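Below is run.txt, holding compact mmCIF, C-alpha atoms.
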# COMPACT_ATOMS: atom_id res chain seq x y z
CA ILE O 232 85.10 -5.66 -29.94
CA THR O 233 86.36 -8.70 -28.02
CA GLY O 234 87.60 -10.47 -31.14
CA LEU O 235 89.17 -7.34 -32.61
CA SER O 236 91.02 -6.46 -29.42
CA LEU O 237 92.04 -10.10 -29.09
CA GLY O 238 93.63 -9.89 -32.54
CA TRP O 239 95.37 -6.67 -31.51
CA GLU O 240 96.82 -8.36 -28.42
CA LEU O 241 97.85 -11.49 -30.36
CA GLU O 242 99.77 -9.28 -32.79
CA ARG O 243 101.59 -7.68 -29.86
CA GLN O 244 102.42 -11.17 -28.57
CA GLY O 245 103.85 -12.20 -31.95
CA VAL O 246 101.24 -14.90 -32.61
CA ASP O 247 100.07 -15.56 -36.17
CA PHE O 248 96.29 -15.24 -36.37
CA VAL O 249 93.26 -14.28 -38.43
CA VAL O 250 90.03 -12.69 -37.19
CA LEU O 251 86.91 -13.99 -38.94
CA GLU O 252 83.84 -11.73 -38.95
CA ALA O 253 80.52 -13.07 -40.19
CA SER O 254 79.04 -9.70 -41.20
CA ASP O 255 80.28 -7.08 -43.66
CA ARG O 256 81.54 -4.67 -41.00
CA ALA O 257 83.57 -4.54 -37.80
CA GLY O 258 82.10 -3.94 -34.36
CA GLY O 259 79.30 -6.38 -33.58
CA VAL O 260 76.79 -4.61 -31.32
CA ILE O 261 78.83 -1.40 -31.60
CA ARG O 262 77.27 0.44 -34.53
CA SER O 263 77.09 4.14 -35.39
CA ALA O 264 75.63 6.25 -38.19
CA ASP O 265 74.50 9.77 -39.04
CA VAL O 266 70.69 10.09 -39.12
CA ASP O 267 68.94 13.42 -39.69
CA GLY O 268 72.11 15.26 -38.75
CA HIS O 269 72.53 13.33 -35.48
CA THR O 270 75.34 10.88 -34.68
CA LEU O 271 73.48 7.83 -33.38
CA ASP O 272 74.87 4.79 -31.59
CA TRP O 273 73.06 1.48 -31.44
CA GLY O 274 74.69 -0.43 -28.63
CA PRO O 275 76.98 1.31 -26.11
CA GLN O 276 76.43 5.07 -26.02
CA ARG O 277 79.66 5.74 -24.17
CA ILE O 278 82.65 4.13 -22.50
CA ARG O 279 84.63 4.98 -19.39
CA LEU O 280 88.09 6.35 -20.20
CA THR O 281 90.11 3.87 -18.15
CA GLY O 282 93.88 3.74 -18.34
CA ASP O 283 93.74 0.70 -20.64
CA LEU O 284 91.34 2.41 -23.02
CA GLU O 285 93.35 5.64 -23.04
CA GLY O 286 96.45 3.66 -24.00
CA LEU O 287 94.57 1.89 -26.79
CA VAL O 288 93.20 5.18 -28.13
CA LYS O 289 96.74 6.56 -28.37
CA GLU O 290 98.09 3.42 -30.02
CA LEU O 291 95.32 3.57 -32.62
CA GLY O 292 95.83 7.27 -33.27
CA LEU O 293 92.30 8.21 -32.20
CA GLU O 294 93.20 11.04 -29.81
CA ASP O 295 91.81 13.72 -32.11
CA GLU O 296 88.55 11.76 -32.50
CA LEU O 297 87.99 11.33 -28.77
CA ILE O 298 85.20 13.28 -27.04
CA THR O 299 85.10 13.29 -23.24
CA ALA O 300 82.12 14.26 -21.11
CA PRO O 301 82.30 17.36 -18.92
CA GLU O 302 83.40 16.76 -15.35
CA GLY O 303 80.80 16.60 -12.62
CA LEU O 304 77.92 15.14 -14.63
CA GLY O 305 75.83 12.86 -12.48
CA ILE O 306 72.96 10.45 -12.96
CA SER O 307 69.39 10.77 -11.71
CA VAL O 308 66.48 8.51 -10.91
CA TYR O 309 62.82 9.15 -11.65
CA ARG O 310 60.82 8.62 -8.45
CA ASP O 311 57.55 10.01 -7.17
CA GLY O 312 56.98 12.24 -10.20
CA LYS O 313 60.41 13.89 -10.25
CA LEU O 314 63.98 13.41 -11.48
CA ARG O 315 66.23 13.19 -8.43
CA ALA O 316 70.04 13.34 -8.53
CA ILE O 317 71.94 10.35 -7.16
CA PRO O 318 74.90 11.62 -5.10
CA TYR O 319 78.41 10.28 -5.69
CA SER O 320 79.47 10.75 -2.06
CA LEU O 321 78.25 9.67 1.37
CA ALA O 322 78.01 13.32 2.43
CA GLY O 323 75.84 14.11 -0.58
CA PHE O 324 73.71 11.07 0.13
CA VAL O 325 72.76 12.43 3.54
CA THR O 326 71.39 15.72 2.14
CA ALA O 327 69.98 14.57 -1.24
CA ASP O 328 66.23 14.30 -1.83
CA VAL O 329 66.55 11.01 -3.69
CA LEU O 330 65.39 9.04 -0.61
CA PRO O 331 63.30 9.75 2.48
CA PHE O 332 65.21 10.05 5.79
CA ARG O 333 64.17 6.62 7.07
CA SER O 334 65.62 4.94 3.93
CA LYS O 335 68.88 6.84 4.35
CA LEU O 336 69.13 5.81 7.99
CA ARG O 337 68.49 2.18 7.08
CA ALA O 338 71.15 2.29 4.34
CA LEU O 339 73.77 3.60 6.79
CA LEU O 340 73.33 0.41 8.85
CA GLU O 341 74.87 -1.61 5.99
CA PRO O 342 78.25 -2.22 7.77
CA PHE O 343 76.40 -4.20 10.44
CA THR O 344 74.93 -6.67 7.93
CA ALA O 345 76.51 -9.93 6.77
CA GLY O 346 78.18 -10.60 3.45
CA PRO O 347 76.68 -12.60 0.56
CA ARG O 348 74.93 -15.89 1.23
CA PRO O 349 75.09 -18.97 -1.01
CA ARG O 350 72.73 -18.71 -4.00
CA GLU O 351 71.33 -15.44 -2.70
CA LYS O 352 69.45 -13.35 -5.26
CA VAL O 353 70.96 -9.98 -6.07
CA SER O 354 67.71 -8.27 -5.07
CA GLU O 355 67.71 -10.05 -1.71
CA TYR O 356 71.35 -9.20 -1.09
CA PHE O 357 71.01 -5.46 -1.75
CA THR O 358 67.69 -5.23 0.10
CA ARG O 359 69.18 -6.98 3.12
CA LYS O 360 72.25 -4.74 3.02
CA PHE O 361 70.69 -1.32 2.33
CA GLY O 362 66.93 -1.66 2.85
CA ARG O 363 64.10 -1.85 0.36
CA GLY O 364 63.84 1.90 -0.26
CA THR O 365 67.47 2.29 -1.37
CA TYR O 366 67.32 -0.90 -3.40
CA GLU O 367 64.13 -0.07 -5.31
CA THR O 368 65.07 3.58 -5.91
CA ILE O 369 68.82 3.50 -6.60
CA ILE O 370 70.62 0.17 -6.57
CA GLY O 371 68.09 -2.01 -8.39
CA PRO O 372 67.58 0.34 -11.36
CA LEU O 373 71.31 1.05 -11.70
CA TYR O 374 72.58 -2.52 -11.34
CA GLY O 375 69.72 -4.14 -13.22
CA GLY O 376 70.09 -1.57 -15.97
CA LEU O 377 73.58 -2.84 -16.75
CA TYR O 378 72.07 -6.13 -17.88
CA SER O 379 68.48 -5.05 -18.66
CA THR O 380 67.57 -7.72 -16.10
CA ASP O 381 65.48 -7.72 -12.95
CA PRO O 382 67.96 -8.37 -10.08
CA ALA O 383 65.32 -10.66 -8.58
CA ASP O 384 66.23 -13.07 -11.40
CA MET O 385 70.00 -12.82 -10.74
CA GLU O 386 72.17 -14.62 -8.19
CA VAL O 387 75.07 -12.93 -6.39
CA ASP O 388 77.60 -15.66 -7.06
CA LEU O 389 76.74 -15.75 -10.78
CA SER O 390 76.71 -12.04 -11.60
CA LEU O 391 77.82 -9.83 -8.71
CA ALA O 392 80.55 -11.76 -6.91
CA HIS O 393 83.21 -10.93 -9.54
CA VAL O 394 82.45 -7.20 -9.15
CA LEU O 395 82.79 -7.44 -5.38
CA ARG O 396 86.13 -9.22 -5.79
CA GLN O 397 87.33 -6.66 -8.33
CA PHE O 398 86.70 -3.78 -5.91
CA LYS O 399 87.98 -5.82 -2.95
CA VAL O 400 84.66 -5.69 -1.12
CA GLY O 401 84.42 -8.07 1.82
CA ARG O 402 81.45 -7.93 4.13
CA SER O 403 80.64 -4.22 3.77
CA LEU O 404 80.36 -2.03 0.67
CA LEU O 405 80.09 1.18 2.71
CA LEU O 406 83.27 0.49 4.66
CA ARG O 407 85.08 -0.12 1.39
CA LEU O 408 83.71 3.18 0.08
CA LEU O 409 84.88 5.00 3.21
CA ARG O 410 88.39 3.61 2.72
CA ARG O 411 88.29 5.14 -0.76
CA GLY O 412 87.44 8.58 0.64
CA GLY O 413 83.67 8.24 0.82
CA ARG O 414 83.23 9.18 -2.84
CA ILE O 415 82.60 7.25 -6.05
CA SER O 416 84.92 8.62 -8.75
CA PRO O 417 84.42 6.69 -12.00
CA PRO O 418 86.62 7.52 -15.01
CA ARG O 419 85.13 10.13 -17.32
CA ALA O 420 82.69 8.99 -19.98
CA CYS O 421 83.85 9.30 -23.58
CA THR O 422 82.95 8.54 -27.17
CA PHE O 423 84.31 9.44 -30.61
CA ARG O 424 83.42 12.19 -33.06
CA ASP O 425 81.62 9.81 -35.42
CA GLY O 426 80.31 7.50 -32.71
CA MET O 427 81.52 4.42 -30.85
CA GLN O 428 82.05 2.46 -34.07
CA ALA O 429 85.26 4.44 -34.60
CA LEU O 430 87.00 2.16 -32.09
CA PRO O 431 86.33 -1.24 -33.74
CA GLU O 432 86.88 0.27 -37.20
CA ALA O 433 90.30 1.56 -36.14
CA LEU O 434 91.21 -1.85 -34.76
CA ALA O 435 90.07 -3.53 -37.99
CA ARG O 436 92.17 -1.12 -40.08
CA ARG O 437 95.26 -1.81 -37.99
CA LEU O 438 94.77 -5.57 -38.30
CA GLY O 439 94.66 -5.17 -42.11
CA GLU O 440 94.29 -8.45 -44.01
CA ARG O 441 94.22 -10.39 -40.75
CA PHE O 442 90.68 -9.10 -40.27
CA ARG O 443 88.32 -10.76 -42.76
CA SER O 444 84.72 -9.65 -43.02
CA CYS O 445 81.92 -11.67 -44.68
CA SER O 446 83.62 -14.83 -43.35
CA ARG O 447 80.91 -16.83 -41.63
CA VAL O 448 82.10 -20.02 -39.96
CA ARG O 449 80.07 -23.06 -40.97
CA SER O 450 81.75 -25.72 -38.83
CA LEU O 451 84.47 -26.33 -36.28
CA GLU O 452 86.03 -29.79 -36.12
CA GLN O 453 88.99 -31.37 -34.38
CA ALA O 454 91.82 -32.16 -36.80
CA GLY O 455 94.90 -33.92 -35.43
CA ASP O 456 96.31 -31.87 -32.57
CA GLY O 457 94.45 -28.78 -33.73
CA TRP O 458 91.22 -27.56 -35.30
CA ARG O 459 89.74 -27.07 -38.75
CA ILE O 460 87.47 -24.10 -39.33
CA ALA O 461 85.29 -24.29 -42.45
CA LEU O 462 83.59 -21.19 -43.86
CA ASP O 463 80.39 -20.79 -45.84
CA ASP O 464 82.43 -19.95 -48.95
CA GLU O 465 84.05 -23.42 -48.80
CA THR O 466 87.45 -22.13 -47.64
CA ALA O 467 88.99 -23.54 -44.47
CA PHE O 468 91.66 -22.80 -41.87
CA ASP O 469 93.76 -25.09 -39.72
CA ALA O 470 94.74 -23.75 -36.30
CA HIS O 471 96.19 -24.94 -33.02
CA ASP O 472 93.92 -22.59 -31.05
CA VAL O 473 90.47 -21.21 -31.73
CA VAL O 474 88.95 -18.40 -29.65
CA LEU O 475 85.18 -17.99 -29.95
CA THR O 476 84.02 -14.43 -29.27
CA THR O 477 80.51 -15.08 -30.54
CA PRO O 478 77.13 -14.77 -28.76
CA ALA O 479 76.11 -17.78 -26.68
CA HIS O 480 73.66 -19.25 -29.20
CA VAL O 481 76.20 -18.96 -32.05
CA THR O 482 78.88 -20.50 -29.87
CA ALA O 483 76.53 -23.37 -29.04
CA GLU O 484 76.05 -24.19 -32.72
CA LEU O 485 79.79 -24.09 -33.42
CA LEU O 486 80.49 -26.39 -30.46
CA ARG O 487 77.66 -28.83 -31.17
CA SER O 488 79.78 -31.62 -32.66
CA SER O 489 83.10 -31.10 -30.84
CA ALA O 490 81.88 -30.21 -27.32
CA PRO O 491 78.17 -31.12 -27.00
CA ASP O 492 77.98 -30.57 -23.22
CA ALA O 493 79.45 -27.10 -23.53
CA ALA O 494 77.06 -26.42 -26.43
CA ASP O 495 74.07 -27.40 -24.30
CA ALA O 496 75.25 -25.07 -21.52
CA ALA O 497 75.72 -22.10 -23.86
CA SER O 498 72.36 -22.64 -25.53
CA ALA O 499 70.61 -22.54 -22.12
CA LEU O 500 71.64 -18.93 -21.45
CA LYS O 501 68.92 -16.29 -21.63
CA TYR O 502 69.24 -13.00 -23.52
CA ASN O 503 66.99 -10.00 -22.90
CA ARG O 504 65.45 -8.01 -25.73
CA LEU O 505 65.93 -4.26 -25.34
CA ALA O 506 64.46 -1.51 -27.52
CA MET O 507 66.41 1.72 -28.10
CA VAL O 508 64.56 4.80 -29.31
CA HIS O 509 66.60 7.86 -30.24
CA LEU O 510 64.73 11.08 -29.54
CA GLU O 511 65.18 14.70 -30.55
CA ALA O 512 64.13 17.17 -27.85
CA GLU O 513 64.92 20.72 -26.76
CA THR O 514 65.49 20.58 -23.01
CA ASP O 515 67.61 22.01 -20.21
CA LEU O 516 68.43 18.54 -18.86
CA GLN O 517 71.99 18.05 -17.57
CA GLY O 518 73.80 14.85 -16.60
CA ASN O 519 74.58 11.38 -17.87
CA GLY O 520 70.89 10.48 -17.90
CA PHE O 521 68.43 8.81 -15.58
CA LYS O 522 66.94 5.48 -14.55
CA VAL O 523 63.36 4.78 -13.53
CA SER O 524 62.71 3.70 -9.94
CA PHE O 525 61.20 0.27 -9.41
CA GLU O 526 58.22 2.04 -7.89
CA ASP O 527 57.44 3.23 -11.43
CA ARG O 528 58.03 -0.04 -13.28
CA HIS O 529 54.61 0.30 -14.89
CA LEU O 530 56.31 2.72 -17.32
CA ALA O 531 57.63 1.25 -20.54
CA LEU O 532 60.72 3.43 -20.13
CA GLY O 533 63.64 2.03 -18.16
CA GLY O 534 66.02 4.95 -18.56
CA VAL O 535 67.42 7.65 -20.84
CA THR O 536 70.94 8.70 -21.85
CA PHE O 537 71.50 12.45 -22.25
CA ASN O 538 73.70 12.48 -25.36
CA ASP O 539 73.10 16.24 -25.52
CA SER O 540 74.87 17.21 -22.30
CA LEU O 541 77.32 14.30 -22.35
CA PHE O 542 78.89 14.93 -25.73
CA SER O 543 77.27 18.12 -27.08
CA ARG O 544 75.10 16.09 -29.46
CA LYS O 545 72.49 18.79 -29.73
CA ASN O 546 68.96 17.79 -28.66
CA LEU O 547 69.77 14.04 -28.78
CA TYR O 548 68.52 11.55 -26.18
CA THR O 549 68.46 7.74 -26.16
CA ALA O 550 65.52 5.99 -24.46
CA TYR O 551 65.54 2.32 -23.40
CA LEU O 552 62.42 0.18 -23.21
CA GLY O 553 61.73 -3.48 -22.55
CA GLY O 554 64.41 -5.72 -21.13
CA GLY O 555 63.78 -8.14 -18.29
CA TRP O 556 61.02 -5.99 -16.76
CA HIS O 557 58.87 -5.91 -19.92
CA PRO O 558 60.14 -8.91 -21.93
CA ASP O 559 57.56 -8.66 -24.72
CA LEU O 560 57.79 -4.92 -25.27
CA ALA O 561 60.73 -4.98 -27.69
CA ASP O 562 58.73 -7.25 -30.01
CA ARG O 563 56.14 -4.54 -30.66
CA ASP O 564 56.24 -2.53 -33.88
CA ASP O 565 58.39 0.57 -34.29
CA ASP O 566 55.48 3.03 -34.12
CA THR O 567 54.25 1.59 -30.83
CA LEU O 568 57.72 1.78 -29.30
CA ALA O 569 58.27 5.31 -30.57
CA ARG O 570 54.96 6.48 -29.06
CA ALA O 571 55.73 4.83 -25.73
CA ALA O 572 59.17 6.45 -25.61
CA VAL O 573 57.79 9.90 -26.41
CA GLU O 574 54.96 9.61 -23.88
CA ASP O 575 57.18 8.38 -21.05
CA PHE O 576 59.89 10.94 -21.88
CA ARG O 577 57.28 13.70 -21.55
CA LEU O 578 55.97 12.21 -18.30
CA THR O 579 59.40 11.86 -16.66
CA THR O 580 61.11 15.02 -17.94
CA GLY O 581 58.26 17.37 -18.86
CA PHE O 582 59.60 17.85 -22.39
CA ASP O 583 58.17 16.89 -25.76
CA ALA O 584 60.28 14.79 -28.13
CA ARG O 585 60.36 13.52 -31.70
CA PRO O 586 61.46 9.94 -32.48
CA ILE O 587 64.42 9.64 -34.83
CA SER O 588 65.21 5.93 -34.80
CA VAL O 589 63.94 2.68 -33.29
CA ASP O 590 66.17 -0.36 -32.93
CA ARG O 591 66.52 -3.48 -30.81
CA ALA O 592 69.35 -5.41 -29.17
CA GLU O 593 69.77 -8.71 -27.33
CA ILE O 594 71.79 -8.54 -24.11
CA PRO O 595 73.07 -11.46 -21.97
CA ALA O 596 70.81 -11.52 -18.92
CA TRP O 597 73.32 -12.94 -16.42
CA ASP O 598 70.33 -14.37 -14.56
CA THR O 599 69.82 -17.78 -12.96
CA SER O 600 70.17 -19.46 -16.38
CA TRP O 601 73.94 -18.85 -15.94
CA ARG O 602 73.88 -21.76 -13.51
CA ALA O 603 74.11 -23.86 -16.70
CA LEU O 604 77.79 -22.83 -16.96
CA ASP O 605 78.70 -24.68 -13.76
CA GLY O 606 81.44 -27.07 -14.86
CA PHE O 607 81.65 -25.51 -18.34
CA SER O 608 84.79 -26.82 -20.04
CA LEU O 609 86.23 -27.03 -23.54
CA PRO O 610 88.66 -29.36 -25.32
CA ASP O 611 92.31 -28.33 -25.56
CA GLY O 612 92.85 -25.53 -28.02
CA LEU O 613 89.33 -24.10 -27.76
CA HIS O 614 88.69 -20.90 -25.81
CA VAL O 615 85.74 -18.57 -25.28
CA ALA O 616 86.02 -14.80 -24.71
CA ALA O 617 82.65 -13.08 -24.64
CA ASN O 618 80.33 -10.86 -22.64
CA TRP O 619 78.46 -13.94 -21.44
CA THR O 620 81.54 -15.53 -19.83
CA GLU O 621 83.07 -12.53 -18.06
CA ARG O 622 82.30 -8.93 -17.15
CA PRO O 623 80.20 -7.12 -19.78
CA GLY O 624 81.05 -3.64 -21.01
CA ILE O 625 83.88 -2.57 -23.28
CA PRO O 626 86.56 -2.28 -20.52
CA GLY O 627 85.72 -5.84 -19.49
CA ARG O 628 85.97 -7.01 -23.10
CA LEU O 629 89.40 -5.42 -23.56
CA SER O 630 90.62 -6.93 -20.29
CA GLN O 631 89.45 -10.45 -21.12
CA ALA O 632 90.87 -10.27 -24.64
CA ARG O 633 94.27 -9.35 -23.23
CA ARG O 634 94.25 -12.25 -20.75
CA VAL O 635 93.14 -14.82 -23.33
CA ALA O 636 95.71 -13.57 -25.85
CA ARG O 637 98.48 -13.97 -23.30
CA ALA O 638 97.29 -17.47 -22.43
CA VAL O 639 97.26 -18.47 -26.11
CA ALA O 640 100.66 -16.92 -26.70
CA THR O 641 102.15 -18.62 -23.67
CA GLY O 642 100.77 -22.04 -24.51
CA ARG O 643 101.17 -21.94 -28.30
CA ARG O 644 103.86 -19.39 -29.09
CA ALA O 645 104.32 -20.64 -32.64
CA ALA O 646 100.68 -21.58 -33.23
CA THR O 647 98.05 -20.03 -35.46
CA ALA O 648 95.14 -18.59 -33.45
CA VAL O 649 91.78 -17.97 -35.09
CA SER O 650 89.12 -15.69 -33.61
CA THR O 651 85.62 -16.01 -35.03
CA VAL O 652 83.51 -12.92 -34.52
CA GLY O 653 79.93 -11.86 -35.19

For the structure just supplied, provide its representation as C-alpha cells.
Amino acid sequence: ITGLSLGWELERQGVDFVVLEASDRAGGVIRSADVDGHTLDWGPQRIRLTGDLEGLVKELGLEDELITAPEGLGISVYRDGKLRAIPYSLAGFVTADVLPFRSKLRALLEPFTAGPRPREKVSEYFTRKFGRGTYETIIGPLYGGLYSTDPADMEVDLSLAHVLRQFKVGRSLLLRLLRRGGRISPPRACTFRDGMQALPEALARRLGERFRSCSRVRSLEQAGDGWRIALDDETAFDAHDVVLTTPAHVTAELLRSSAPDAADAASALKYNRLAMVHLEAETDLQGNGFKVSFEDRHLALGGVTFNDSLFSRKNLYTAYLGGGWHPDLADRDDDTLARAAVEDFRLTTGFDARPISVDRAEIPAWDTSWRALDGFSLPDGLHVAANWTERPGIPGRLSQARRVARAVATGRRAATAVSTVG
C-alpha cells in the first residue's frame, strides 16, 4: 500500500514514475478472498476512516464499496475468566469492572509521574505511569498487539515517542486526555464490500501501465547521477530517485552493494511471526473484538476481531496467535493452530467455533533491534518508505507516502522516480 499510494501522490505532483511489484497482484500484506461464503482478510481486518482516507476513497470512486462499523462499538479484554469492556472515557473507567479499585486509583495518579526516561522500556514506562494492574490488563495487550511484540522488548524512544509527539503528549497522558474532553474518540472503523484488498486494487487500476506486476528487482546500482534498476526478466530502468517500500530484509539485499552500512542495519531488524485463524461461530458477541490480559499469557490466543458485529460478516471471527509472546507458535502446522484457536475461543467467549482458514504473517517488531537504525542514511537519490521506518498501519503508510512523494517532487521535479514494491 505504501508504494501504490506513493505512485498516486507522485502522479498528483506531476512526476514521471513506475511502480514495480514483485508478485502478480497489488497489495502486499493486504489480501482478501471469498472462502466458504465468507469475505476473509489476511493482513489488516479494518482501517480507521480518517480524513485522508475518506478523501482517497472518494478520489478512487470507492464510496459505494465502503462499509463502516456501527457507532459505539468498543473493545474488551479477557481477564480473570471474563470478557471485560474497556471504557473510552475517564468517567467510564471509574465505574467499569475491567480493573479492581486499587488499580484504578493508582492509574489516576499518572499526572504526578515523570515523562519518558532515556532508553526506557515501553513496559517500564507504562507501568511507572499507570501501575502494573492497568499495564498488564489494558495498555500492554493493546499497545503490544499493534506490533505483536511484548512491550518489555520495546524502547520508548524507538517505538512510542513518535506517537506521543503526534498526540502532543508531554509529561502526562491523562492531562492530555482531559484537554480533549476526557474521552477517546477514534475515527470509525471501515472496510470494503469485497475486503481490504479493494483499496490497493483500485490504486493499481488508477495507476494503469505505471503499475507493473511480476517485476522483481534483481539489483540496484549507482549509474552516473542516478540509479539503474535491473529486473529478473533482464529489463532495466534508469532513474534519478528510487523509493524502496519493501520489507527490511528485501531492502537490505537491494542495498547490499550500494549502501552496505544501511543494508546491515536493515537486516538486523526483527520481525514477529503471527498466525491468523479465521473462525465461524454463532455468538451474541458485540464490539470490535478483544485482547487477552497479560495475566493470561499462557493462552495461545492473543486476541480476536469480531468481523461479525463490525461489518455484518455473519458468524466470522479472526483469531491471532503467536507473535512476540509465543515466537515459535506460528511455525506449528495448520491443524495445531486451528485446534488452539478453537479451544481458546471457547475458553474466552464460551462459544464453539469452526476453523475456516489458517495463515501467517511477519510483522516488524519495533523492538530493541531498531537501535540498529541509529545513524541510518542512504546515498542521494535513494529513499525508504515502509512500515519499519515510520508509523505502521495504513493511515501511517498513506501519510509517509505523501511526504516522500512531495520530497521527491521538490528535489527532482523533472526526474523519473521508481518505487519497488513487494

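The shortest atom-to-atom distance to Arg348 in chain O, with all atoms listed in the file taken into account, belongs to O:Ala392 out of O:Leu629, O:Cys445, O:Ala392, O:Leu505.
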
For Pro349 in chain O: contacts at 10 Å, only C-alpha atoms, fewer than 6 positions along chain excluded, given as a compact mmCIF listing (two decimals) with C-alpha atoms, in the frame of the given file:
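Generated output (selection-v1.txt):
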# COMPACT_ATOMS: atom_id res chain seq x y z
CA GLU O 386 72.17 -14.62 -8.19
CA VAL O 387 75.07 -12.93 -6.39
CA ASP O 388 77.60 -15.66 -7.06

Using all atoms listed in the file, the residue out of O:Gly533, O:Pro418, O:Gly305, O:Gly426 with shortest distance to Thr579 in chain O is O:Gly533

With distances taken over all atoms listed in the file, which residue among O:Thr233, O:Ser488, O:Ser600, O:Ser608 lies nearest Ile261 in chain O? O:Thr233

Tell me, as a list in words, which residues lie within 8 Å of range 267-276 of chain O, counting all atoms listed in the file; anything in the same chain fewer than 5 positions away does not count. Val260, Ile261, Arg262, Thr422, Asp425, Gly426, Met427, Gln428, Met507, His509, Thr536, Asn538, Arg544, Lys545, Leu547, Ile587, Asp590 and Ala592 of chain O

Give the answer as one residue: which of O:Ala253, O:Cys421, O:Ile298, O:Ala345 has the shortest atom-to-atom distance to Arg449 in chain O, using all atoms listed in the file?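 The closest residue to Arg449 in chain O is O:Ala253.
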
Point-to-point distance from CA of Ile278 in chain O to CA of Leu251 in chain O, Å rounded to tenths: 24.8 Å

Near-Val325 in chain O list (7 Å; all atoms listed in the file; drop same-chain fewer than 3 positions) as a list in words: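 Everything that qualifies: Leu321, Ala322 and Lys335 of chain O.
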
Could you dump the residues just selected with C-alpha atoms as a PDB file, keeping the file's coordinate frame?
ATOM      1  CA  LEU O 321      78.250   9.670   1.370  1.00  0.00           C
ATOM      2  CA  ALA O 322      78.010  13.320   2.430  1.00  0.00           C
ATOM      3  CA  LYS O 335      68.880   6.840   4.350  1.00  0.00           C
TER       4      LYS O 335
END

The residue from O:Thr358, O:Ser320, O:Thr514, O:Ser403 with the smallest atom-to-atom distance to Phe343 in chain O, counting only C-alpha atoms, is O:Ser403
